[in-house]
Amino acid sequence: MSSTAYFFQQFINALSLGSIYALVTIGLAMVFSILRLINFAHGDLMMIGSYAILMLFNAGLPVWTAILAGVAISGITGIIMERLCYRPLRGSAEMNTLLTSFAVVVLLENGAVLFFGPNTQPFGILNFIQPTLAVGSLLISKIDAITVVLTLAILILTALFIKKTTLGISMRAVADDLTASQLVGIPLNRVIVSAFFIGSLFAGLAGLLWSARAGKIFPLMGFIPVVKAFVAAVIGGFGSIPGAVIGGYVLGFAEVFFVALLPPDFQGYRDAFVFVLLIIILLVRPQGILGAKAMERRI
Amino acid sequence: MHSGRQAGYTFMALGLFFLGIYLLSAYGNHYYQRVGNLMMIYVILTVSLNLSSGIMGISSLGQIGFMAIGAYVAAILTLPPGLKERWLTGLPHWMHSIQTGLLPAMLLAGLLAAVVAFLVGIVILRLQGVFAAVATLGFLIIVKVIAENWMTVTRGGRGLSALPAYTNLWWTSTAAVVTIYAVWRILKSPHGRSMIAVREHDLAAQSVGINAPKIRLLAFVISAFFTGIAGALWANLIGVVSPGSFYLWLTLLIIIMMVVGGMGSVTGSVISAVGFTILLELLRGFENKIAMYGISYIIFAVVFLLMIIFRPEGIMGDREFSWRNVRRIIPLP
Amino acid sequence: MQKKISIAILAIATVFLLAFSGPVGADTVKIGVIENLTGSMASLDQPSLNGVKLALKEINDAGGVLGKKVEIIVRDGKSDPATLATVVEEILGKGVSALTGLSDTTMVLAAAPAAQRMGVSFVSSGATSPSLPDEVGDCLFLEPFGDNVQAAAAAEYAYNDLGAKSVWVLYDKAMDYTYLLQRYFCDRFGGLGGAIISKATYQTGDTDFRAQITSLKSKKTLPDILFISSGPDEIGTIVKQVRDMGIKIPIVGGDGYDTPLLAKVAGPAAATDIYFTTHVALDSKGTKAFVENYNKMFGHPPENGFAALGYDAFKLIVNAVKNANSADPKAVKTALAATQGFKGVTGTINYPKGIRVPQKSVTIIKVDGGKFIFEKEVMPSEIPAP
């Protein structure tokens, strides 16, 4: 394998990993921009979506129906979560809502262990898709190709939604100034519920892609992606949706090339490196790469 | 009420407390002793977290990182020399032959945690709110990754085992009393007032001459010191330290104890740490009976959610225990 | 709202009362089972508990031991050392004859010292670090073989039978088991004259191994085999991604591969040309009944090798109770240490004098098109020191 081919192969690896991160991060950022809430339970929506898809598929539904229904269940779970856990807390301290989201994680993950059992389960429902495409000496897994294309399509649709539709414009208005947007009569609850619903749909979809890639699902599968998405969101500028996308890709590339370029003894330090990067960004450019204004006052 | 009389009450209460500790260590079974030890460690952790997060208002998710540092320092110091030489080839040579008792290990553990808190604090405390939370979470993950990878000093994911079981109820209860006393004194001192002032409005506090960054750093470092001590006690209680032991579950547990007790109330932290330790044991007993493993954490999470929705200020808010209030209810001499 | 809260408190109190008013145990032989039924270790320990439950049912159906029924006292360690250290005291307080359970060295090290202090034996059902008995003391017994034995067997098989002269190693840095396995493998493989081209690492819970695999592909000379040291939850994904990236080199590993997940996650096309060491071939004659009964009791075949290990560890203890003709922990310990020729599902257990790691032969399984095929049973000629 030539070094150019090696580089491109790693480039493709990074692109597909970054796409999934981007997809998870959008949902996280959408909710944050409106509510200033970091929803750690976002990753568990991936888990719930994946389990729902698998169970519906095993119950005999056709693949695509199972996928659509499972992603919808993930979206609905997001709405329920908002109604039960986050709405009663609206307006309370940021730290309290953050902790609430941690409690929701404990609730959902232990609930999943109880209901689905703690064991890893194979997730092969997309295995009928041919594994790899060979392009010259490069190998592109079809799931990766689908991931990248799907993510890009969703990004474009989201951008259009935010820019053009009334709901999208309301979302931006609420994110920009909550009080003023209520003054002009924007229905706050509708905007918040929509943000949760859309974000959770994306999480369900990301769950599908993540599980198909790994070939398995397990109750605690949501935690690593959500922590990563969290980093991606900070890199991009918390709350900014284009930023979330860029953050997702930056993180995907950083992770892959960290492992690719460093000697094996240092590979284990990958996550430490990622978080050092995060702290540096927070200090030097807290608004992230794309954030237009400082999100938080510094002393 | 006369302050001399208050001191008298306090000493009597302390006497009763240590009598209880004596009875438990002399006649209690191992299980109750173990729960008692963990309870005292949770009290130390919750009270010291309250200093930095509740009283000072630093949103920290990285507190358990300091506990990990303390635990590893104590583990390395108390590990038998033979094992040290075999496992920890990255240590300087003179350290191989050293094996300390618990007290020096505890103090050095607290000290090193404090030094790290000082260095980390200079950087991270420039951030506030959710961003401080994110950065401190990053710190916690970095500590874990280092513990997992620095094979010649921490033995990686395998952890350090065969640590002497030095920790007993006397150590943990004394350390808990010292921690409570220290944090209480800080809270009632001018420094404590400054901390609250900075938490409530740092610009206003600075305008009256309080050095806000300095006071934040002070709270952070002291809090890390006691947390490091709790780590040392934990290491020599459980007998094995590994990177996964000091991670998100413990972080969450301690934060929840603090929030439910009341952010800013030392009394609340103590009540809540004691109460939650008992509650978790009861819930575990319950889930064993019905053989639905995991239900105890679910109930725990629901209790927390209800609490934060219906009583976000916690059990005590930022009120404190005082003999004067007790006297209103129970007629004391 | 006040009313709501008081109703909630009342409800919780009622549940507690109901929960604690169970019947008091009659005259039984009590054996403690400590497993991580929730948290990160649950996927290994839950099958282990199932194995114990199956063994318990069989023993009690056959009349128990010493004329008494056997009773298990199960506690969940929640994959948390502090909880483990607490629940082990709780179990010990109930007067058990011996303890078993746990699939990870660190977890055993948190739980077992309390048993050691009380002089109660602890049979580690799944942790395979050969130095474990020395780290804890004379009450700790391993039911499976040590990692040094299976790693040496794998190295000799790879070098002699597969004709491999060079290896690329990938291992999980966060687990004791995976670290030790690759270390012993490299010791023995190097000792035979094989070359270790390079090593790469990952962490438990990772789902993307492509960066590591791609760096393997960029090597000028590819190795003859890949030694991938992984737990049961990751191996399927790794194999899938290795094969997806077009690498057809044989893969060698340890008993972490012994799970249907390997073939199911990777898919039959990818799960081919794989060789691993394990305790027993689950389709062989002696184990057929175990697999069938397990399937009958739990509705699915054993999830991984830990099920059979839990089953055997429990029967090993009951066997010792029978040999000791007493349920007294000290007598059981002596009987355990003297175990000779105990035939379990995972092989025959003998404890040579003073050694609490059994001398068991290693089974080598070949995976071809997703099917597990028995290759051979071996005893390595040279075993690296623990």
# chains A, B, ... in the order shown; residues from 1 in each chain; ligands from 1

$ closest_atom_pairs --of "chain A" --to "chain B" --cutoff "7 Å" --atoms "only C-alpha atoms" --output "tab-separated table"
residue	atom	partner	partner_atom	distance
A:Pro88	CA	B:Ile309	CA	6.2
A:Leu89	CA	B:Ile309	CA	6.0
A:Glu94	CA	B:Val130	CA	6.8
A:Met95	CA	B:Val130	CA	6.8
A:Thr100	CA	B:Leu305	CA	6.4
A:Ala103	CA	B:Ala301	CA	5.1
A:Val106	CA	B:Ala301	CA	6.4
A:Leu107	CA	B:Ile298	CA	4.9
A:Asn110	CA	B:Gly294	CA	5.3
A:Gly111	CA	B:Ile298	CA	6.9
A:Leu114	CA	B:Gly294	CA	6.5
A:Gly268	CA	B:Asn149	CA	6.2
A:Tyr269	CA	B:Val145	CA	6.2
A:Asp271	CA	B:Val145	CA	6.9
A:Ala272	CA	B:Ile142	CA	4.5
A:Phe275	CA	B:Gly138	CA	5.2
A:Ile279	CA	B:Ala135	CA	5.6
A:Arg298	CA	B:Leu127	CA	5.9
A:Ile299	CA	B:Arg126	CA	6.1

$ write_last_selection --atoms "N, CA and C atoms" --output "PDB file, in the first residue's frame"
ATOM      1  N   PRO A  88     -40.256  20.440  33.494  1.00  0.00           N
ATOM      2  CA  PRO A  88     -40.459  20.923  34.871  1.00  0.00           C
ATOM      3  C   PRO A  88     -39.273  21.734  35.395  1.00  0.00           C
ATOM      4  N   LEU A  89     -38.138  21.588  34.744  1.00  0.00           N
ATOM      5  CA  LEU A  89     -36.928  22.245  35.237  1.00  0.00           C
ATOM      6  C   LEU A  89     -36.596  23.503  34.460  1.00  0.00           C
ATOM      7  N   GLU A  94     -28.322  25.990  35.154  1.00  0.00           N
ATOM      8  CA  GLU A  94     -27.762  25.131  34.105  1.00  0.00           C
ATOM      9  C   GLU A  94     -27.220  23.836  34.679  1.00  0.00           C
ATOM     10  N   MET A  95     -26.576  23.988  35.839  1.00  0.00           N
ATOM     11  CA  MET A  95     -25.956  22.818  36.457  1.00  0.00           C
ATOM     12  C   MET A  95     -27.034  21.781  36.822  1.00  0.00           C
ATOM     13  N   THR A 100     -29.622  16.617  35.818  1.00  0.00           N
ATOM     14  CA  THR A 100     -30.837  15.886  35.479  1.00  0.00           C
ATOM     15  C   THR A 100     -30.590  14.976  34.293  1.00  0.00           C
ATOM     16  N   ALA A 103     -28.962  11.963  35.416  1.00  0.00           N
ATOM     17  CA  ALA A 103     -29.887  11.050  36.089  1.00  0.00           C
ATOM     18  C   ALA A 103     -30.723  10.300  35.053  1.00  0.00           C
ATOM     19  N   VAL A 106     -28.723   7.410  33.834  1.00  0.00           N
ATOM     20  CA  VAL A 106     -28.746   6.283  34.775  1.00  0.00           C
ATOM     21  C   VAL A 106     -30.064   5.512  34.634  1.00  0.00           C
ATOM     22  N   LEU A 107     -31.135   6.272  34.553  1.00  0.00           N
ATOM     23  CA  LEU A 107     -32.473   5.694  34.430  1.00  0.00           C
ATOM     24  C   LEU A 107     -32.595   4.841  33.169  1.00  0.00           C
ATOM     25  N   ASN A 110     -29.943   1.709  33.019  1.00  0.00           N
ATOM     26  CA  ASN A 110     -30.310   0.591  33.887  1.00  0.00           C
ATOM     27  C   ASN A 110     -31.638  -0.014  33.473  1.00  0.00           C
ATOM     28  N   GLY A 111     -32.546   0.848  32.975  1.00  0.00           N
ATOM     29  CA  GLY A 111     -33.807   0.332  32.448  1.00  0.00           C
ATOM     30  C   GLY A 111     -33.555  -0.603  31.276  1.00  0.00           C
ATOM     31  N   LEU A 114     -32.354  -3.896  32.403  1.00  0.00           N
ATOM     32  CA  LEU A 114     -33.460  -4.704  32.925  1.00  0.00           C
ATOM     33  C   LEU A 114     -34.310  -5.285  31.805  1.00  0.00           C
ATOM     34  N   GLY A 268      -2.990   4.781  23.041  1.00  0.00           N
ATOM     35  CA  GLY A 268      -3.918   4.742  24.164  1.00  0.00           C
ATOM     36  C   GLY A 268      -4.258   6.128  24.690  1.00  0.00           C
ATOM     37  N   TYR A 269      -3.410   7.097  24.385  1.00  0.00           N
ATOM     38  CA  TYR A 269      -3.645   8.446  24.902  1.00  0.00           C
ATOM     39  C   TYR A 269      -4.608   9.250  24.027  1.00  0.00           C
ATOM     40  N   ASP A 271      -7.862   9.591  23.723  1.00  0.00           N
ATOM     41  CA  ASP A 271      -8.942  10.363  24.336  1.00  0.00           C
ATOM     42  C   ASP A 271      -8.415  11.510  25.193  1.00  0.00           C
ATOM     43  N   ALA A 272      -7.254  11.300  25.820  1.00  0.00           N
ATOM     44  CA  ALA A 272      -6.654  12.383  26.593  1.00  0.00           C
ATOM     45  C   ALA A 272      -6.317  13.537  25.653  1.00  0.00           C
ATOM     46  N   PHE A 275      -9.350  15.513  24.720  1.00  0.00           N
ATOM     47  CA  PHE A 275      -9.859  16.425  25.744  1.00  0.00           C
ATOM     48  C   PHE A 275      -8.905  17.577  26.031  1.00  0.00           C
ATOM     49  N   ILE A 279     -10.052  21.435  25.940  1.00  0.00           N
ATOM     50  CA  ILE A 279      -9.821  22.457  26.957  1.00  0.00           C
ATOM     51  C   ILE A 279      -9.119  23.659  26.335  1.00  0.00           C
ATOM     52  N   ARG A 298     -16.088  35.282  30.349  1.00  0.00           N
ATOM     53  CA  ARG A 298     -14.959  34.779  31.127  1.00  0.00           C
ATOM     54  C   ARG A 298     -14.480  35.865  32.064  1.00  0.00           C
ATOM     55  N   ILE A 299     -13.904  35.453  33.168  1.00  0.00           N
ATOM     56  CA  ILE A 299     -13.404  36.448  34.123  1.00  0.00           C
ATOM     57  C   ILE A 299     -12.178  37.121  33.543  1.00  0.00           C
TER      58      ILE A 299
END

$ select_by_dssp --residues "region 78-128 of chain C" --states "strand (DSSP E or B)" --output "PyMOL selection string"
chain C and resi 98-101+121-124

$ write_last_selection --atoms "C-alpha atoms" --output "PDB file, in the first residue's frame"
ATOM      1  CA  ALA C  98     -17.443 -20.919  49.671  1.00  0.00           C
ATOM      2  CA  LEU C  99     -17.790 -18.187  47.076  1.00  0.00           C
ATOM      3  CA  THR C 100     -17.657 -18.110  43.306  1.00  0.00           C
ATOM      4  CA  GLY C 101     -18.197 -15.745  40.414  1.00  0.00           C
ATOM      5  CA  SER C 121     -12.466 -20.074  49.583  1.00  0.00           C
ATOM      6  CA  PHE C 122     -13.183 -18.035  46.497  1.00  0.00           C
ATOM      7  CA  VAL C 123     -13.268 -19.907  43.192  1.00  0.00           C
ATOM      8  CA  SER C 124     -12.778 -17.399  40.398  1.00  0.00           C
TER       9      SER C 124
END

$ interface_residues --of "chain C" --to "chain A" --cutoff "10 Å" --atoms "only C-alpha atoms" --output "PyMOL selection string"
chain C and resi 37-47+170+172-174+198-203+205-220+232-234+236-238+240-241+243-246+260-267+303

$ interface_residues --of "chain C" --to "chain B" --cutoff "8 Å" --atoms "only C-alpha atoms" --output "VMD selection string"
chain C and resid 16 19 to 20 22 37 to 38 74 to 76 80 to 82 85 to 87 89 to 90 93 105 to 106 109 to 110 113 135 to 136 173 to 176

$ write_last_selection --atoms "C-alpha atoms" --output "tab-separated table (two decimals), in the first residue's frame"
chain	number	residue	atom	x	y	z
C	16	PHE	CA	-39.78	-2.62	51.32
C	19	ALA	CA	-39.50	-7.36	50.09
C	20	PHE	CA	-37.92	-8.04	53.46
C	22	GLY	CA	-39.34	-13.45	52.76
C	37	LEU	CA	-25.12	-8.21	36.90
C	38	THR	CA	-25.25	-4.56	35.90
C	74	VAL	CA	-26.47	-13.99	44.85
C	75	ARG	CA	-25.30	-10.40	45.00
C	76	ASP	CA	-24.75	-7.87	42.23
C	80	ASP	CA	-17.89	-1.29	40.90
C	81	PRO	CA	-15.04	-2.32	43.23
C	82	ALA	CA	-16.51	-0.51	46.25
C	85	ALA	CA	-16.08	-5.14	48.52
C	86	THR	CA	-19.30	-4.36	50.39
C	87	VAL	CA	-21.50	-7.14	49.07
C	89	GLU	CA	-18.93	-8.89	53.36
C	90	GLU	CA	-22.70	-9.19	53.24
C	93	GLY	CA	-21.93	-12.65	57.01
C	105	THR	CA	-9.13	-9.90	37.57
C	106	THR	CA	-9.56	-6.39	38.97
C	109	LEU	CA	-9.04	-8.46	43.54
C	110	ALA	CA	-11.66	-6.14	45.04
C	113	PRO	CA	-9.40	-10.38	49.98
C	135	GLU	CA	-1.87	-11.98	44.95
C	136	VAL	CA	-4.82	-12.95	47.15
C	173	LYS	CA	-5.42	-1.83	26.82
C	174	ALA	CA	-8.13	-1.42	29.42
C	175	MET	CA	-8.44	-5.07	30.42
C	176	ASP	CA	-6.08	-7.18	32.46

$ residues_around --residues "region 179-187 of chain B" --least-positions-apart "6" --cutoff "10 Å" --atoms "only C-alpha atoms" --output "PyMOL selection string"
chain B and resi 43-48+50-51+55-56+173+193-196+219+222-223+225-227+229-230+264-267+269-270+320

$ atom_distance --atom1 "CA of Gly32 (chain C)" --atom2 "CA of Asn168 (chain B)"
24.8 Å

$ atom_distance --atom1 "CA of Gly231 (chain C)" --atom2 "CA of Ile373 (chain C)"
20.1 Å

$ closest_residue --among "B:Gly262, B:Gly121, B:Gly62, B:Gly4" --to "Ile215 (chain B)" --atoms "only C-alpha atoms"
B:Gly121

$ atom_distance --atom1 "CA of Ile241 (chain A)" --atom2 "CA of Val149 (chain A)"
18.0 Å

$ closest_residue --among "C:Val169, C:Gly370, C:Pro352, C:Asn148" --to "Tyr257 (chain C)" --atoms "only C-alpha atoms"
C:Gly370

$ closest_residue --among "B:Gly314, B:Tyr247, B:Val153, B:Gly28" --to "Arg86 (chain B)" --atoms "only C-alpha atoms"
B:Val153

$ closest_residue --among "C:Thr348, C:Asn60, C:Ser230, C:Asn160" --to "Phe145 (chain C)" --atoms "only C-alpha atoms"
C:Thr348

$ residues_around --residues "Val120 (chain C)" --least-positions-apart "3" --cutoff "9 Å" --atoms "only C-alpha atoms" --output "number ranges by chain"
C: 92, 96-99, 114-117, 139-140, 329-330, 332-333

$ select_by_dssp --residues "region 142-322 of chain C" --states "alpha helix (DSSP H)" --output "PyMOL selection string"
chain C and resi 147-156+176-192+210-217+232-244+260-266+285-298+305-322

$ residues_around --residues "region 173-177 of chain A" --least-positions-apart "2" --cutoff "12 Å" --atoms "only C-alpha atoms" --output "PDB file with C-alpha atoms, in the first residue's frame"
ATOM      1  CA  ALA A  29     -26.443  21.431  19.537  1.00  0.00           C
ATOM      2  CA  MET A  30     -30.045  22.108  18.492  1.00  0.00           C
ATOM      3  CA  VAL A  31     -31.335  21.518  22.006  1.00  0.00           C
ATOM      4  CA  PHE A  32     -28.451  23.401  23.563  1.00  0.00           C
ATOM      5  CA  SER A  33     -28.906  26.478  21.366  1.00  0.00           C
ATOM      6  CA  ILE A  34     -32.490  26.838  22.566  1.00  0.00           C
ATOM      7  CA  LEU A  35     -32.436  25.625  26.173  1.00  0.00           C
ATOM      8  CA  ARG A  36     -28.782  25.904  27.149  1.00  0.00           C
ATOM      9  CA  LEU A  37     -29.182  22.274  28.173  1.00  0.00           C
ATOM     10  CA  ILE A 162     -33.609  26.343   9.686  1.00  0.00           C
ATOM     11  CA  LYS A 163     -33.329  29.034   7.055  1.00  0.00           C
ATOM     12  CA  THR A 166     -41.379  29.342   9.966  1.00  0.00           C
ATOM     13  CA  LEU A 167     -40.543  26.767  12.610  1.00  0.00           C
ATOM     14  CA  GLY A 168     -36.865  26.910  11.716  1.00  0.00           C
ATOM     15  CA  ILE A 169     -36.846  30.691  11.891  1.00  0.00           C
ATOM     16  CA  SER A 170     -38.628  30.517  15.260  1.00  0.00           C
ATOM     17  CA  MET A 171     -35.930  28.172  16.491  1.00  0.00           C
ATOM     18  CA  THR A 179     -37.431  36.576  26.102  1.00  0.00           C
ATOM     19  CA  ALA A 180     -37.816  38.693  22.972  1.00  0.00           C
ATOM     20  CA  SER A 181     -39.083  35.759  20.956  1.00  0.00           C
ATOM     21  CA  GLN A 182     -41.747  35.071  23.560  1.00  0.00           C
ATOM     22  CA  LEU A 183     -42.716  38.750  23.421  1.00  0.00           C
ATOM     23  CA  VAL A 184     -43.480  38.522  19.734  1.00  0.00           C
ATOM     24  CA  GLY A 185     -45.600  35.441  20.375  1.00  0.00           C
ATOM     25  CA  ILE A 186     -43.424  32.551  19.246  1.00  0.00           C
ATOM     26  CA  PRO A 187     -44.907  29.363  20.762  1.00  0.00           C
ATOM     27  CA  LEU A 188     -41.980  28.358  22.919  1.00  0.00           C
ATOM     28  CA  ASN A 189     -43.157  24.852  23.762  1.00  0.00           C
ATOM     29  CA  ARG A 190     -43.713  23.996  20.138  1.00  0.00           C
ATOM     30  CA  VAL A 191     -40.246  25.157  19.225  1.00  0.00           C
ATOM     31  CA  ILE A 192     -38.618  23.222  22.057  1.00  0.00           C
ATOM     32  CA  ALA A 195     -36.003  20.691  18.517  1.00  0.00           C
ATOM     33  CA  PHE A 238     -21.721  25.117  21.217  1.00  0.00           C
ATOM     34  CA  GLY A 239     -25.178  25.641  19.843  1.00  0.00           C
ATOM     35  CA  SER A 240     -24.146  26.421  16.299  1.00  0.00           C
ATOM     36  CA  ILE A 241     -25.516  23.823  13.900  1.00  0.00           C
ATOM     37  CA  ALA A 292     -19.929  34.254  16.117  1.00  0.00           C
ATOM     38  CA  LYS A 293     -20.062  35.541  19.652  1.00  0.00           C
ATOM     39  CA  MET A 295     -21.179  32.065  24.540  1.00  0.00           C
TER      40      MET A 295
END
